[in-house]
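Here's input-v8.txt, which has compact mmCIF, C-alpha atoms:
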# COMPACT_ATOMS: atom_id res chain seq x y z
CA MET A 1 208.99 12.60 -79.26
CA GLY A 2 206.00 14.94 -78.96
CA LEU A 3 204.81 16.61 -75.82
CA LEU A 4 202.46 14.66 -73.57
CA PRO A 5 198.81 15.77 -73.54
CA LYS A 6 197.91 18.11 -70.69
CA TYR A 7 195.85 15.50 -68.88
CA LYS A 8 198.78 13.02 -68.98
CA VAL A 9 201.14 15.59 -67.45
CA GLU A 10 198.63 16.36 -64.71
CA GLU A 11 198.16 12.66 -64.01
CA ALA A 12 201.93 12.18 -63.60
CA LYS A 13 202.04 15.10 -61.14
CA ARG A 14 199.13 13.64 -59.17
CA LEU A 15 200.79 10.22 -58.95
CA ARG A 16 204.04 11.75 -57.64
CA LYS A 17 202.11 13.73 -55.03
CA GLN A 18 200.11 10.63 -54.02
CA ALA A 19 203.31 8.57 -53.65
CA LYS A 20 204.73 11.16 -51.22
CA LEU A 21 201.50 11.16 -49.20
CA ASP A 22 201.40 7.35 -49.10
CA LYS A 23 204.99 7.21 -47.84
CA LYS A 24 204.21 9.75 -45.11
CA ARG A 25 201.09 7.82 -44.07
CA LYS A 26 203.00 4.56 -43.76
CA ILE A 27 205.41 6.26 -41.36
CA ASN A 28 202.86 8.17 -39.27
CA THR A 29 199.80 5.89 -39.23
CA ARG A 30 199.32 3.23 -36.59
CA ASN A 31 197.72 -0.07 -37.48
CA ILE A 32 193.98 0.44 -37.02
CA ALA A 33 191.72 -2.58 -37.36
CA VAL A 34 188.36 -1.37 -38.63
CA SER A 35 186.22 -3.78 -40.63
CA PHE A 36 183.63 -2.64 -43.17
CA LEU A 37 180.94 -4.48 -45.09
CA ILE A 38 179.71 -2.46 -48.07
CA VAL A 39 176.90 -3.84 -50.22
CA CYS A 40 176.04 -1.87 -53.34
CA GLU A 41 172.93 -1.77 -55.48
CA GLY A 42 175.07 -1.53 -58.60
CA THR A 43 177.32 -4.39 -59.62
CA ARG A 44 180.28 -2.33 -60.88
CA THR A 45 179.92 1.49 -60.77
CA GLU A 46 179.83 1.88 -56.99
CA PRO A 47 182.11 -1.09 -56.18
CA ASN A 48 184.74 0.20 -58.61
CA TYR A 49 184.65 3.65 -57.01
CA PHE A 50 185.02 2.39 -53.44
CA GLU A 51 187.67 -0.19 -54.36
CA SER A 52 189.73 2.58 -55.98
CA LEU A 53 189.26 4.84 -52.96
CA ILE A 54 190.45 2.11 -50.61
CA LYS A 55 193.41 1.25 -52.81
CA ASN A 56 194.61 4.83 -52.80
CA ARG A 57 194.04 5.68 -49.13
CA TYR A 58 195.04 3.90 -45.98
CA SER A 59 194.62 0.51 -47.62
CA ALA A 60 196.86 -1.10 -44.99
CA ILE A 61 194.79 -0.20 -41.94
CA ARG A 62 191.37 -1.72 -42.50
CA GLU A 63 189.52 -4.67 -43.92
CA VAL A 64 186.73 -3.91 -46.38
CA GLU A 65 184.39 -6.37 -48.04
CA ILE A 66 182.51 -4.91 -51.02
CA ASN A 67 179.66 -6.67 -52.80
CA GLY A 68 177.72 -5.55 -55.87
CA GLU A 69 174.28 -7.14 -55.82
CA GLY A 70 172.26 -5.67 -58.68
CA ARG A 71 169.28 -5.22 -56.36
CA GLY A 72 167.20 -2.21 -55.42
CA THR A 73 166.10 -0.64 -52.14
CA VAL A 74 164.27 -2.95 -49.70
CA SER A 75 165.47 -6.06 -51.50
CA LEU A 76 169.05 -4.80 -51.16
CA ILE A 77 168.70 -4.10 -47.44
CA LYS A 78 167.37 -7.62 -46.86
CA LYS A 79 170.38 -8.98 -48.74
CA VAL A 80 172.74 -6.88 -46.61
CA ILE A 81 171.18 -8.31 -43.46
CA GLU A 82 171.57 -11.82 -44.85
CA ILE A 83 175.23 -11.33 -45.79
CA ARG A 84 176.05 -9.79 -42.41
CA ASP A 85 174.23 -12.43 -40.38
CA LYS A 86 175.72 -15.37 -42.30
CA SER A 87 179.27 -14.02 -42.25
CA ASP A 88 181.90 -15.43 -39.90
CA LYS A 89 183.33 -11.91 -39.56
CA GLU A 90 182.39 -9.22 -37.07
CA PHE A 91 181.97 -5.98 -39.00
CA ASP A 92 182.48 -2.64 -37.27
CA ARG A 93 180.38 -0.86 -39.89
CA VAL A 94 177.82 -2.16 -42.35
CA TRP A 95 176.78 0.06 -45.26
CA ALA A 96 174.23 -0.24 -48.06
CA VAL A 97 174.77 1.88 -51.18
CA PHE A 98 171.79 2.57 -53.42
CA ASP A 99 169.99 5.16 -55.54
CA LYS A 100 166.44 6.46 -55.56
CA ASP A 101 165.94 5.96 -59.31
CA ASP A 102 162.30 4.96 -59.88
CA PHE A 103 161.97 2.74 -56.82
CA GLU A 104 158.85 3.41 -54.76
CA ASP A 105 160.15 1.73 -51.58
CA PHE A 106 163.09 4.09 -51.11
CA ASN A 107 161.90 5.43 -47.74
CA ASP A 108 161.04 1.91 -46.54
CA ALA A 109 164.56 0.75 -47.36
CA ILE A 110 166.15 3.52 -45.30
CA LYS A 111 163.84 2.79 -42.36
CA LEU A 112 164.51 -0.98 -42.56
CA ALA A 113 168.25 -0.33 -42.63
CA LYS A 114 168.08 1.92 -39.57
CA ARG A 115 166.10 -0.67 -37.59
CA ASN A 116 168.81 -3.24 -38.34
CA GLY A 117 171.86 -1.11 -37.59
CA ILE A 118 172.80 -0.62 -41.25
CA HIS A 119 174.09 2.72 -42.54
CA CYS A 120 172.89 4.01 -45.90
CA ALA A 121 174.92 5.83 -48.53
CA TRP A 122 171.98 6.76 -50.71
CA SER A 123 171.65 9.18 -53.59
CA ASN A 124 168.56 10.85 -54.96
CA GLU A 125 168.42 10.41 -57.87
CA SER A 126 171.70 8.71 -58.77
CA PHE A 127 175.23 7.99 -57.53
CA GLU A 128 176.53 10.30 -60.25
CA LEU A 129 175.33 13.24 -58.15
CA TRP A 130 178.31 12.61 -55.83
CA TYR A 131 180.60 12.65 -58.85
CA TYR A 132 179.23 15.94 -60.19
CA LEU A 133 179.55 17.66 -56.81
CA HIS A 134 183.33 17.36 -57.30
CA PHE A 135 182.95 20.10 -59.92
CA GLU A 136 179.96 22.25 -59.02
CA TYR A 137 177.21 22.58 -56.44
CA LEU A 138 173.80 21.63 -57.80
CA ASP A 139 170.46 21.98 -56.04
CA THR A 140 168.20 21.15 -58.98
CA GLY A 141 167.05 17.59 -59.51
CA VAL A 142 168.14 16.14 -62.84
CA SER A 143 168.18 12.68 -64.41
CA ARG A 144 171.10 10.23 -64.45
CA ASN A 145 171.68 10.94 -68.14
CA GLN A 146 171.91 14.66 -67.44
CA TYR A 147 174.46 14.04 -64.69
CA ILE A 148 176.53 11.97 -67.10
CA ALA A 149 176.45 14.72 -69.74
CA MET A 150 177.55 17.31 -67.17
CA ILE A 151 180.35 15.09 -65.83
CA GLU A 152 181.63 14.53 -69.37
CA ARG A 153 181.57 18.27 -70.01
CA GLU A 154 183.58 19.06 -66.88
CA ILE A 155 186.23 16.36 -67.40
CA ARG A 156 186.64 17.24 -71.08
CA LYS A 157 187.09 20.90 -70.18
CA LYS A 158 189.56 20.32 -67.36
CA SER A 159 191.56 17.52 -69.00
CA GLY A 160 191.67 18.87 -72.52
CA ASN A 161 190.55 15.43 -73.70
CA GLU A 162 187.58 16.16 -75.94
CA ASN A 163 187.07 12.44 -76.56
CA TYR A 164 186.37 11.55 -72.93
CA THR A 165 183.20 9.50 -72.52
CA TYR A 166 181.78 8.51 -69.14
CA LYS A 167 181.35 4.78 -68.70
CA LYS A 168 179.46 3.46 -65.68
CA LYS A 169 181.74 0.43 -65.28
CA ALA A 170 185.01 2.32 -65.79
CA LYS A 171 187.67 1.69 -63.16
CA ASP A 172 189.38 5.06 -63.57
CA THR A 173 186.48 7.32 -62.53
CA TYR A 174 187.81 7.75 -58.99
CA SER A 175 191.26 8.81 -60.23
CA LEU A 176 189.72 11.24 -62.74
CA LEU A 177 187.65 12.84 -59.99
CA GLN A 178 190.75 13.17 -57.81
CA GLN A 179 192.73 14.64 -60.67
CA PHE A 180 190.25 17.06 -62.20
CA GLY A 181 187.63 17.51 -59.50
CA ASP A 182 187.71 18.77 -55.92
CA GLU A 183 186.67 16.31 -53.21
CA SER A 184 186.44 19.04 -50.58
CA LEU A 185 183.91 20.77 -52.84
CA ALA A 186 181.92 17.53 -53.03
CA PHE A 187 181.86 17.20 -49.23
CA ALA A 188 180.72 20.80 -48.86
CA GLY A 189 178.05 20.38 -51.53
CA ALA A 190 176.67 17.19 -50.00
CA ALA A 191 176.46 18.81 -46.55
CA ARG A 192 174.75 21.86 -48.01
CA LEU A 193 172.16 19.74 -49.81
CA LYS A 194 171.32 17.82 -46.63
CA LYS A 195 170.60 21.09 -44.83
CA CYS A 196 167.98 21.87 -47.49
CA HIS A 197 165.85 18.90 -46.37
CA THR A 198 164.54 18.55 -42.83
CA ASN A 199 161.76 15.95 -43.11
CA CYS A 200 162.03 12.15 -43.20
CA ASN A 201 160.46 11.78 -46.63
CA PHE A 202 163.83 10.95 -48.19
CA ALA A 203 162.27 10.23 -51.57
CA SER A 204 161.46 13.95 -51.81
CA HIS A 205 165.05 15.01 -51.06
CA LYS A 206 166.08 15.67 -54.65
CA PRO A 207 168.90 16.18 -55.16
CA CYS A 208 170.63 14.84 -52.07
CA THR A 209 173.23 12.24 -51.14
CA THR A 210 174.78 10.65 -48.05
CA VAL A 211 177.66 9.03 -49.96
CA ASP A 212 179.96 11.62 -48.38
CA GLU A 213 179.44 9.99 -44.97
CA LEU A 214 180.75 6.62 -46.17
CA VAL A 215 183.66 8.22 -48.05
CA LYS A 216 184.64 10.06 -44.86
CA GLU A 217 184.64 6.86 -42.82
CA LEU A 218 186.67 4.97 -45.40
CA SER A 219 189.16 7.83 -45.66
CA HIS A 220 189.54 8.19 -41.89
CA PRO A 221 188.53 4.92 -40.17
CA GLU A 222 190.27 6.07 -37.02
CA ILE A 223 187.28 8.34 -36.26
CA LEU A 224 185.25 5.21 -35.51
CA LEU A 225 187.58 4.27 -32.66
CA GLN A 226 187.60 7.61 -30.89
Take the structure from the file and write it as structure tokens.
Amino acid sequence: MGLLPKYKVEEAKRLRKQAKLDKKRKINTRNIAVSFLIVCEGTRTEPNYFESLIKNRYSAIREVEINGEGRGTVSLIKKVIEIRDKSDKEFDRVWAVFDKDDFEDFNDAIKLAKRNGIHCAWSNESFELWYYLHFEYLDTGVSRNQYIAMIEREIRKKSGNENYTYKKKAKDTYSLLQQFGDESLAFAGAARLKKCHTNCNFASHKPCTTVDELVKELSHPEILLQ
């Protein structure tokens, strides 16, 4: 039997480490009831990422409802309001996840969300900015396709898998970022980018993302109860 590829060996190490952390969390974590509603612009990319995050962290201590709507900006916010108001559940936090892309009502969507008590995990220009920040800080605005090319380059380099191809609907993107990227670097990069923009013309904040704020809440829901 031949040796396993480098990226397979690293994945096995990561899974063993994660299993130890999960066991420790089950022992030390009290049952915290925090309910989230997350409505995403994309139908699979963003939902797959957040579902994987929840599955791998503290999945026993919160309730999360994730919807992928395939809508943009203001239309999405109106849908979030509708879902929240028609639901029988009382959500502690309601989030909308969307990108700037070419939408012209980006600022209006953020303002509408704020008026209705909805938090926004937005990215300018695309959600893939959050992914790339796991590898390197970037303060130059680029297109979604350029982000994808850079993400492929980084994962191929770090995994040794020259055949890796980024797929928007892939369910393993979260695990690849955890394995080959650095989430702490992504948090630092997102915070640094936000400090570069001080006005409320969010459409001009390129690149920038607030996805880190939602990831932090999902990773540590107990902060909402303090």
message: Could you list, as a list in words, every residue within 8 Å of range 129-138 of chain A, counting only C-alpha atoms and ignoring same-chain residues fewer than 5 positions away?
response: Ser123, Asn124, Tyr147, Met150, Ile151, Glu154, Leu177, Gly181, Asp182, Glu183, Ser184, Leu185, Ala186, Phe187, Gly189, Ala190, Pro207, Cys208, Thr209, Val211 and Asp212 of chain A
field: Interatomic distance (Å, one decimal) between CA of Pro47 in chain A and CA of Phe106 in chain A
entry: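 Rounded to one decimal, the two atoms are 20.4 Å apart.
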query: When you draw a straight line from CA of Lys168 in chain A to CA of Thr43 in chain A, how long is it in Å?
result: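 So the two atoms, CA of Lys168 in chain A and CA of Thr43 in chain A, lie 10.1 Å apart.
Compared by their closest atoms to Lys194 in chain A, and using all atoms listed in the file, the residues A:Asp139, A:Leu225, A:Ile118, A:Leu218 rank with A:Asp139 nearest.
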- request: May I have the residues within 10 Å of range 75-87 of chain A as an MDAnalysis selection string, using only C-alpha atoms and disregarding those fewer than 3 positions away in the same chain?
  value: chainID A and resid 37:41 67:72 90:91 94:98 105 108:114 116:120
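Residues with at least one atom no more than 7 Å from (182.7, -3.8, -37.2), using all atoms listed in the file, are Val34, Ser35, Phe36, Glu90, Phe91, Asp92 and Arg93 of chain A.
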task: For CA of Val74 in chain A and CA of Arg62 in chain A, determine how far apart the two atoms are, in Å to one decimal place.
output: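 That distance, rounded to one decimal, is 28.1 Å.
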- request: With a distance cut-off of 9 Å and all atoms listed in the file, select the neighbouring residues of Thr173 in chain A, excluding the residue or stretch itself and same-chain residues fewer than 5 positions from it, and output the selection as a list in words.
  value: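 In the requested format, the answer is Thr45, Asn48, Tyr49, Ser52, Tyr131, Tyr166, Lys167, Lys168 and Gln178 of chain A.
Of the residues under consideration (A:Glu104, A:Asp99, A:Glu125, A:Asp88), A:Glu125 shows the shortest atom-to-atom contact distance to His205 in chain A when counting all atoms listed in the file.
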- prompt: With only C-alpha atoms as the basis for distance, which of A:Tyr174, A:Lys157, A:Thr140, A:Thr165 is at the shortest distance from Cys196 in chain A?
  reply: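 Checking each of A:Tyr174, A:Lys157, A:Thr140, A:Thr165 against Cys196 in chain A, counting only C-alpha atoms, the winner is A:Thr140.
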